[in-house]
$ cat start-v3.csv   # CSV, C-alpha atoms
chain,number,residue,atom,x,y,z
I,111,MET,CA,-4.9,1.8,-17.6
I,112,LYS,CA,-5.9,2.0,-13.9
I,113,LEU,CA,-3.8,0.8,-11.1
I,114,THR,CA,-5.2,-1.6,-8.5
I,115,ALA,CA,-5.2,-0.8,-4.8
I,116,GLU,CA,-2.6,-3.5,-4.3
I,117,THR,CA,-0.2,-1.9,-6.8
I,118,VAL,CA,-0.7,1.5,-5.3
I,119,ALA,CA,0.1,0.1,-1.9
I,120,ILE,CA,3.4,-1.3,-3.2
I,121,LEU,CA,4.3,2.0,-4.9
I,122,LYS,CA,3.6,3.9,-1.6
I,123,ASN,CA,5.9,1.4,0.1
I,124,TYR,CA,8.5,1.8,-2.5
I,125,ALA,CA,8.4,5.6,-2.1
I,126,SER,CA,9.4,5.1,1.5
I,127,ILE,CA,12.5,3.2,0.2
I,128,ASN,CA,13.5,5.6,-2.6
I,129,GLN,CA,11.7,8.5,-4.1
I,130,ASN,CA,13.1,7.6,-7.5
I,131,ILE,CA,11.7,4.7,-9.5
I,132,GLN,CA,11.9,3.3,-13.1
I,133,LEU,CA,8.8,1.5,-14.1
I,134,LYS,CA,9.7,-1.1,-16.7
I,135,GLN,CA,7.6,-2.6,-19.5
I,136,GLY,CA,5.9,-5.7,-18.2
I,137,LYS,CA,4.6,-6.8,-14.8
I,138,THR,CA,7.5,-6.3,-12.5
I,139,LEU,CA,8.3,-3.4,-10.2
I,140,SER,CA,11.6,-3.0,-8.4
I,141,THR,CA,13.4,-0.4,-6.3
I,142,ILE,CA,16.6,0.1,-4.3
I,143,SER,CA,17.4,2.4,-1.4
I,144,PRO,CA,19.9,5.3,-2.1
I,145,GLN,CA,22.3,3.5,0.3
I,146,LYS,CA,21.8,0.3,-1.7
I,147,ASN,CA,21.1,-1.7,1.5
I,148,ILE,CA,17.4,-2.4,0.7
I,149,LEU,CA,16.3,-4.0,-2.5
I,150,SER,CA,12.8,-5.1,-3.5
I,151,SER,CA,10.9,-6.7,-6.3
I,152,ALA,CA,7.2,-7.3,-6.9
I,153,GLU,CA,5.0,-8.9,-9.6
I,154,ILE,CA,1.9,-6.9,-10.2
I,155,SER,CA,-1.4,-7.6,-12.1
I,156,GLU,CA,-1.0,-4.7,-14.5
I,157,ASP,CA,1.0,-4.9,-17.7
I,158,ILE,CA,3.0,-1.6,-18.0
I,159,PRO,CA,3.2,-0.8,-21.7
I,160,GLN,CA,6.6,1.0,-21.7
I,161,THR,CA,9.6,1.8,-19.6
I,162,PHE,CA,9.8,5.2,-18.0
I,163,ALA,CA,11.4,6.9,-15.0
I,164,ILE,CA,9.8,8.9,-12.2
I,165,TYR,CA,12.0,11.3,-10.2
I,166,ASP,CA,9.5,11.9,-7.3
I,167,LEU,CA,7.2,9.0,-6.7
I,168,ASN,CA,5.4,10.6,-3.8
I,169,ARG,CA,4.4,13.5,-6.0
I,170,LEU,CA,3.0,11.1,-8.6
I,171,LEU,CA,1.0,9.2,-5.9
I,172,ALA,CA,-0.3,12.5,-4.5
I,173,ALA,CA,-1.5,13.5,-8.0
I,174,MET,CA,-3.3,10.2,-8.3
I,175,SER,CA,-4.9,10.5,-4.8
I,176,ALA,CA,-6.2,14.0,-5.6
I,177,TYR,CA,-8.9,12.4,-7.8
I,178,ASP,CA,-12.0,10.9,-6.2
I,179,LYS,CA,-11.5,7.7,-8.0
I,180,MET,CA,-8.4,6.1,-9.4
I,181,PRO,CA,-7.6,8.1,-12.6
I,182,GLU,CA,-6.9,6.6,-15.9
I,183,LEU,CA,-3.1,6.5,-16.8
I,184,THR,CA,-2.1,7.3,-20.3
I,185,PHE,CA,1.5,6.7,-21.4
I,186,GLU,CA,2.9,9.2,-23.8
I,187,GLU,CA,6.4,9.5,-25.2
I,188,LYS,CA,7.7,12.1,-22.7
I,189,ARG,CA,5.0,12.3,-20.1
I,190,LEU,CA,2.4,10.4,-18.1
I,191,LEU,CA,-1.2,11.6,-18.1
I,192,VAL,CA,-2.8,11.0,-14.7
I,193,GLY,CA,-6.4,11.8,-15.6
I,194,LYS,CA,-6.0,15.3,-16.9
I,195,THR,CA,-2.8,15.9,-15.0
I,196,GLN,CA,0.5,16.0,-17.0
I,197,TYR,CA,3.4,14.4,-15.3
I,198,THR,CA,6.8,14.6,-17.1
I,199,TYR,CA,9.1,11.5,-17.0
I,200,GLY,CA,12.4,11.7,-15.2
I,201,ASP,CA,15.9,11.2,-16.6
I,202,PRO,CA,17.0,7.6,-15.7
I,203,SER,CA,20.7,8.7,-15.5
I,204,MET,CA,19.8,11.0,-12.6
I,205,LEU,CA,18.1,8.3,-10.5
I,206,VAL,CA,19.3,5.6,-8.1
I,207,LEU,CA,18.1,2.4,-9.9
I,208,PRO,CA,18.3,-1.3,-9.0
I,209,PRO,CA,20.7,-3.5,-10.8
I,210,GLU,CA,19.6,-5.1,-14.1
I,211,LYS,CA,20.7,-8.6,-12.9
I,212,LYS,CA,18.7,-10.5,-10.3
I,213,LEU,CA,20.5,-10.6,-6.9
I,214,ASP,CA,22.5,-13.8,-6.4
I,215,PHE,CA,21.2,-14.5,-2.8
I,216,PRO,CA,23.4,-17.1,-1.0
I,217,GLU,CA,21.9,-20.1,0.7
I,218,PRO,CA,20.5,-18.9,4.0
I,219,GLU,CA,21.6,-20.6,7.3
I,220,ILE,CA,18.6,-19.1,9.2
I,221,THR,CA,15.0,-19.6,8.1
I,222,PHE,CA,11.7,-18.9,9.8
I,223,THR,CA,8.2,-17.5,9.2
I,224,MET,CA,7.6,-14.0,10.6
I,225,PRO,CA,3.9,-13.5,11.4
I,226,LYS,CA,2.5,-10.1,10.8
I,227,ASP,CA,1.2,-9.6,14.4
I,228,LYS,CA,4.6,-10.4,16.0
I,229,TYR,CA,6.5,-8.2,13.5
I,230,ASP,CA,4.1,-5.3,14.0
I,231,MET,CA,4.3,-5.7,17.8
I,232,CYS,CA,8.1,-5.4,17.7
I,233,LEU,CA,8.0,-2.3,15.5
I,234,LYS,CA,5.4,-0.8,17.8
I,235,MET,CA,7.4,-1.5,20.9
I,236,ALA,CA,10.6,-0.2,19.3
I,237,SER,CA,8.8,3.1,18.8
I,238,ILE,CA,7.5,3.1,22.4
I,239,LEU,CA,10.8,2.1,24.0
I,240,GLN,CA,12.8,4.3,21.5
I,241,VAL,CA,15.2,1.6,20.5
I,242,PRO,CA,16.8,1.6,17.0
I,243,GLU,CA,17.2,-2.1,16.1
I,244,LEU,CA,15.3,-5.3,15.3
I,245,VAL,CA,17.4,-8.3,16.1
I,246,VAL,CA,16.9,-11.9,15.0
I,247,HIS,CA,18.3,-13.8,17.9
I,248,GLY,CA,19.0,-17.6,18.1
I,249,ASP,CA,20.2,-19.2,21.4
I,250,GLY,CA,20.5,-22.8,20.1
I,251,SER,CA,16.9,-23.4,21.0
I,252,ILE,CA,14.4,-20.7,19.9
I,253,ILE,CA,14.5,-17.8,17.4
I,254,GLN,CA,13.2,-14.5,18.6
I,255,LEU,CA,12.6,-11.1,17.0
I,256,VAL,CA,13.8,-8.5,19.5
I,257,ALA,CA,13.3,-4.8,19.5
I,258,THR,CA,16.4,-3.5,21.3
I,259,ASP,CA,19.6,-1.4,21.2
I,260,THR,CA,22.6,-3.7,20.9
I,261,ASN,CA,24.9,-0.8,21.9
I,262,ASN,CA,23.3,-0.4,25.3
I,263,SER,CA,23.5,-3.3,27.7
I,264,SER,CA,20.9,-1.7,30.0
I,265,THR,CA,18.4,-0.9,27.3
I,266,ASP,CA,14.7,-1.8,27.4
I,267,SER,CA,13.7,-4.5,24.9
I,268,HIS,CA,10.8,-6.5,23.6
I,269,PRO,CA,11.0,-10.2,22.3
I,270,GLU,CA,8.7,-12.3,20.2
I,271,GLU,CA,9.3,-16.0,19.6
I,272,VAL,CA,9.1,-16.9,15.8
I,273,GLY,CA,10.8,-20.3,15.5
I,274,THR,CA,13.2,-22.9,16.6
I,275,THR,CA,16.9,-23.4,15.9
I,276,ASP,CA,20.0,-25.4,16.9
I,277,LYS,CA,22.2,-22.5,16.0
I,278,THR,CA,23.4,-19.4,17.8
I,279,PHE,CA,23.3,-16.0,16.1
I,280,GLN,CA,22.4,-12.4,16.4
I,281,MET,CA,21.5,-10.8,13.1
I,282,VAL,CA,21.0,-7.0,13.6
I,283,PHE,CA,18.8,-4.8,11.4
I,284,LYS,CA,18.2,-1.0,11.8
I,285,ILE,CA,14.5,-0.3,12.3
I,286,GLU,CA,14.8,2.4,9.7
I,287,ASN,CA,15.7,-0.2,7.1
I,288,MET,CA,12.7,-2.4,7.8
I,289,LYS,CA,10.5,-1.0,5.1
I,290,LEU,CA,8.3,-4.1,4.6
I,291,LEU,CA,4.8,-3.8,3.3
I,292,SER,CA,2.4,-5.0,6.0
I,293,GLY,CA,2.0,-8.8,6.1
I,294,SER,CA,3.6,-12.1,7.1
I,295,TYR,CA,6.9,-13.1,5.6
I,296,ASN,CA,9.0,-16.2,5.0
I,297,VAL,CA,12.5,-15.1,6.0
I,298,GLY,CA,16.0,-16.4,5.1
I,299,ILE,CA,19.1,-14.8,6.5
I,300,SER,CA,22.6,-15.5,5.3
I,301,SER,CA,25.7,-15.2,7.5
I,302,LYS,CA,27.2,-13.3,4.5
I,303,GLY,CA,25.2,-10.2,5.6
I,304,ILE,CA,22.0,-10.3,3.7
I,305,ALA,CA,18.4,-11.3,4.5
I,306,HIS,CA,15.5,-12.2,2.2
I,307,PHE,CA,11.9,-11.5,3.1
I,308,ALA,CA,9.2,-13.1,0.9
I,309,HIS,CA,5.6,-12.0,1.4
I,310,GLU,CA,3.4,-15.0,2.2
I,311,HIS,CA,0.4,-13.9,0.1
I,312,SER,CA,1.8,-12.0,-2.9
I,313,LYS,CA,4.9,-12.0,-5.2
I,314,LEU,CA,6.6,-9.3,-3.2
I,315,GLU,CA,10.2,-9.7,-1.8
I,316,TYR,CA,12.9,-7.7,-0.1
I,317,TRP,CA,16.6,-8.1,0.4
I,318,ILE,CA,17.9,-6.2,3.4
I,319,ALA,CA,21.5,-5.9,4.6
I,320,THR,CA,22.4,-6.9,8.2
I,321,GLU,CA,24.5,-4.6,10.3
I,322,GLN,CA,28.2,-5.1,10.9
I,323,ASN,CA,27.7,-6.1,14.6
I,324,SER,CA,25.7,-9.2,13.5
I,325,ASN,CA,27.3,-12.6,14.3
I,326,TYR,CA,26.6,-16.2,13.3
I,327,ASN,CA,28.1,-19.1,15.3
I,328,GLY,CA,26.4,-22.0,13.6
$ encode --input "start-v3.csv" --output "structure tokens"
Amino acid sequence: MKLTAETVAILKNYASINQNIQLKQGKTLSTISPQKNILSSAEISEDIPQTFAIYDLNRLLAAMSAYDKMPELTFEEKRLLVGKTQYTYGDPSMLVLPPEKKLDFPEPEITFTMPKDKYDMCLKMASILQVPELVVHGDGSIIQLVATDTNNSSTDSHPEEVGTTDKTFQMVFKIENMKLLSGSYNVGISSKGIAHFAHEHSKLEYWIATEQNSNYNG
């Protein structure tokens, strides 16, 4: 079996969330951050023939990229053959793995579409301005993505308008937790402290916890 470029991109993204991963038999990938505040699931085109664990996903990806062309993957009982390279499976009991049950996401009070260009601009400006947070802000009229620092009233910031609302809220995310694969997303945020990001053009989704200083006034 050979992996598509799309699946490799998802795996590279997942390696930024957690170096551990368990690939399960079937067409679904999933991961969770060690702090358990980022969860993601994706449906891929490949059909993985068996369940196995990888302790260091970056090392596996590096082994794949060392070949000029995507190598053939051969699944053995205790190891994965990446072309000629032998990669030993990890012990699932030693890894941080996502829950077996699907997350019961509450009905979101806040919904909007987050265009790729506006999201990317906020992340770029957060790096330039050296601010640590991405805030979804509603003032009863518009929804903005804001790169800012909520702990500094005199901080630099950068806003991007992404929707309209009749509610007031400030949902705060740490930039370091925004591990989304590039693209536009349909976003739902619950006042209970969790947000859902669904990729517009693929079956890829993330659940990311909001920070404690978030507030929702309805």
$ residues_around --input "start-v3.csv" --residues "region 237-242 of chain I" --least-positions-apart "6" --cutoff "7 Å" --atoms "all atoms listed in the file" --output "list in words"
Ala257, Thr258, Asp259, Asp266, Lys284 and Ile285 of chain I
$ residues_around --input "start-v3.csv" --residues "Lys289 (chain I)" --least-positions-apart "3" --cutoff "12 Å" --atoms "only C-alpha atoms" --output "NGL selection string"
:I and (120 or 122-128 or 141-143 or 147-150 or 229-230 or 233 or 283-286 or 292-293 or 307 or 315-318)
$ closest_residue --input "start-v3.csv" --among "I:Ser175, I:Ser324, I:Thr278, I:Gln132" --to "Leu205 (chain I)" --atoms "all atoms listed in the file"
I:Gln132
$ closest_residue --input "start-v3.csv" --among "I:Leu170, I:His309, I:Glu182, I:Lys234" --to "Leu291 (chain I)" --atoms "only C-alpha atoms"
I:His309
$ atom_distance --input "start-v3.csv" --atom1 "CA of Ile252 (chain I)" --atom2 "CA of Val272 (chain I)"
7.7 Å
$ closest_residue --input "start-v3.csv" --among "I:Ser267, I:Gln135, I:Ser203, I:Asn296" --to "Lys313 (chain I)" --atoms "only C-alpha atoms"
I:Asn296
$ atom_distance --input "start-v3.csv" --atom1 "CA of Phe162 (chain I)" --atom2 "CA of Ser140 (chain I)"
12.8 Å
$ residues_around --input "start-v3.csv" --residues "region 298-301 of chain I" --least-positions-apart "3" --cutoff "9 Å" --atoms "only C-alpha atoms" --output "PyMOL selection string"
chain I and resi 215-223+279+281+304-308+320+324-326
$ atom_distance --input "start-v3.csv" --atom1 "CA of Ser294 (chain I)" --atom2 "CA of Ala152 (chain I)"
15.2 Å
$ closest_residue --input "start-v3.csv" --among "I:Asn323, I:Gln129, I:Gln196, I:Thr117" --to "Ala173 (chain I)" --atoms "only C-alpha atoms"
I:Gln196
$ residues_around --input "start-v3.csv" --residues "Pro181 (chain I)" --least-positions-apart "3" --cutoff "10 Å" --atoms "only C-alpha atoms" --output "ChimeraX atom specification"
/I:111-113,173-178,184,191-195
$ write_last_selection --input "start-v3.csv" --atoms "C-alpha atoms" --output "PDB file, in the coordinates of the input"
ATOM      1  CA  MET I 111      -4.900   1.800 -17.600  1.00  0.00           C
ATOM      2  CA  LYS I 112      -5.900   2.000 -13.900  1.00  0.00           C
ATOM      3  CA  LEU I 113      -3.800   0.800 -11.100  1.00  0.00           C
ATOM      4  CA  ALA I 173      -1.500  13.500  -8.000  1.00  0.00           C
ATOM      5  CA  MET I 174      -3.300  10.200  -8.300  1.00  0.00           C
ATOM      6  CA  SER I 175      -4.900  10.500  -4.800  1.00  0.00           C
ATOM      7  CA  ALA I 176      -6.200  14.000  -5.600  1.00  0.00           C
ATOM      8  CA  TYR I 177      -8.900  12.400  -7.800  1.00  0.00           C
ATOM      9  CA  ASP I 178     -12.000  10.900  -6.200  1.00  0.00           C
ATOM     10  CA  THR I 184      -2.100   7.300 -20.300  1.00  0.00           C
ATOM     11  CA  LEU I 191      -1.200  11.600 -18.100  1.00  0.00           C
ATOM     12  CA  VAL I 192      -2.800  11.000 -14.700  1.00  0.00           C
ATOM     13  CA  GLY I 193      -6.400  11.800 -15.600  1.00  0.00           C
ATOM     14  CA  LYS I 194      -6.000  15.300 -16.900  1.00  0.00           C
ATOM     15  CA  THR I 195      -2.800  15.900 -15.000  1.00  0.00           C
TER      16      THR I 195
END
$ residues_near_point --input "start-v3.csv" --point "(11.7, 14.2, -11.9)" --cutoff "12 Å" --atoms "all atoms listed in the file" --output "compact mmCIF listing (two decimals) with C-alpha atoms, keeping the file's coordinate frame"
# COMPACT_ATOMS: atom_id res chain seq x y z
CA GLN I 129 11.70 8.50 -4.10
CA ASN I 130 13.10 7.60 -7.50
CA ILE I 131 11.70 4.70 -9.50
CA GLN I 132 11.90 3.30 -13.10
CA PHE I 162 9.80 5.20 -18.00
CA ALA I 163 11.40 6.90 -15.00
CA ILE I 164 9.80 8.90 -12.20
CA TYR I 165 12.00 11.30 -10.20
CA ASP I 166 9.50 11.90 -7.30
CA LEU I 167 7.20 9.00 -6.70
CA ASN I 168 5.40 10.60 -3.80
CA ARG I 169 4.40 13.50 -6.00
CA LEU I 170 3.00 11.10 -8.60
CA LYS I 188 7.70 12.10 -22.70
CA ARG I 189 5.00 12.30 -20.10
CA LEU I 190 2.40 10.40 -18.10
CA TYR I 197 3.40 14.40 -15.30
CA THR I 198 6.80 14.60 -17.10
CA TYR I 199 9.10 11.50 -17.00
CA GLY I 200 12.40 11.70 -15.20
CA ASP I 201 15.90 11.20 -16.60
CA PRO I 202 17.00 7.60 -15.70
CA SER I 203 20.70 8.70 -15.50
CA MET I 204 19.80 11.00 -12.60
CA LEU I 205 18.10 8.30 -10.50
$ closest_residue --input "start-v3.csv" --among "I:Ser263, I:Lys146, I:Lys212, I:Val118" --to "Ala172 (chain I)" --atoms "all atoms listed in the file"
I:Val118
$ residues_around --input "start-v3.csv" --residues "Glu271 (chain I)" --least-positions-apart "4" --cutoff "8 Å" --atoms "all atoms listed in the file" --output "list in words"
Ile252, Ile253, Gln254 and Leu255 of chain I
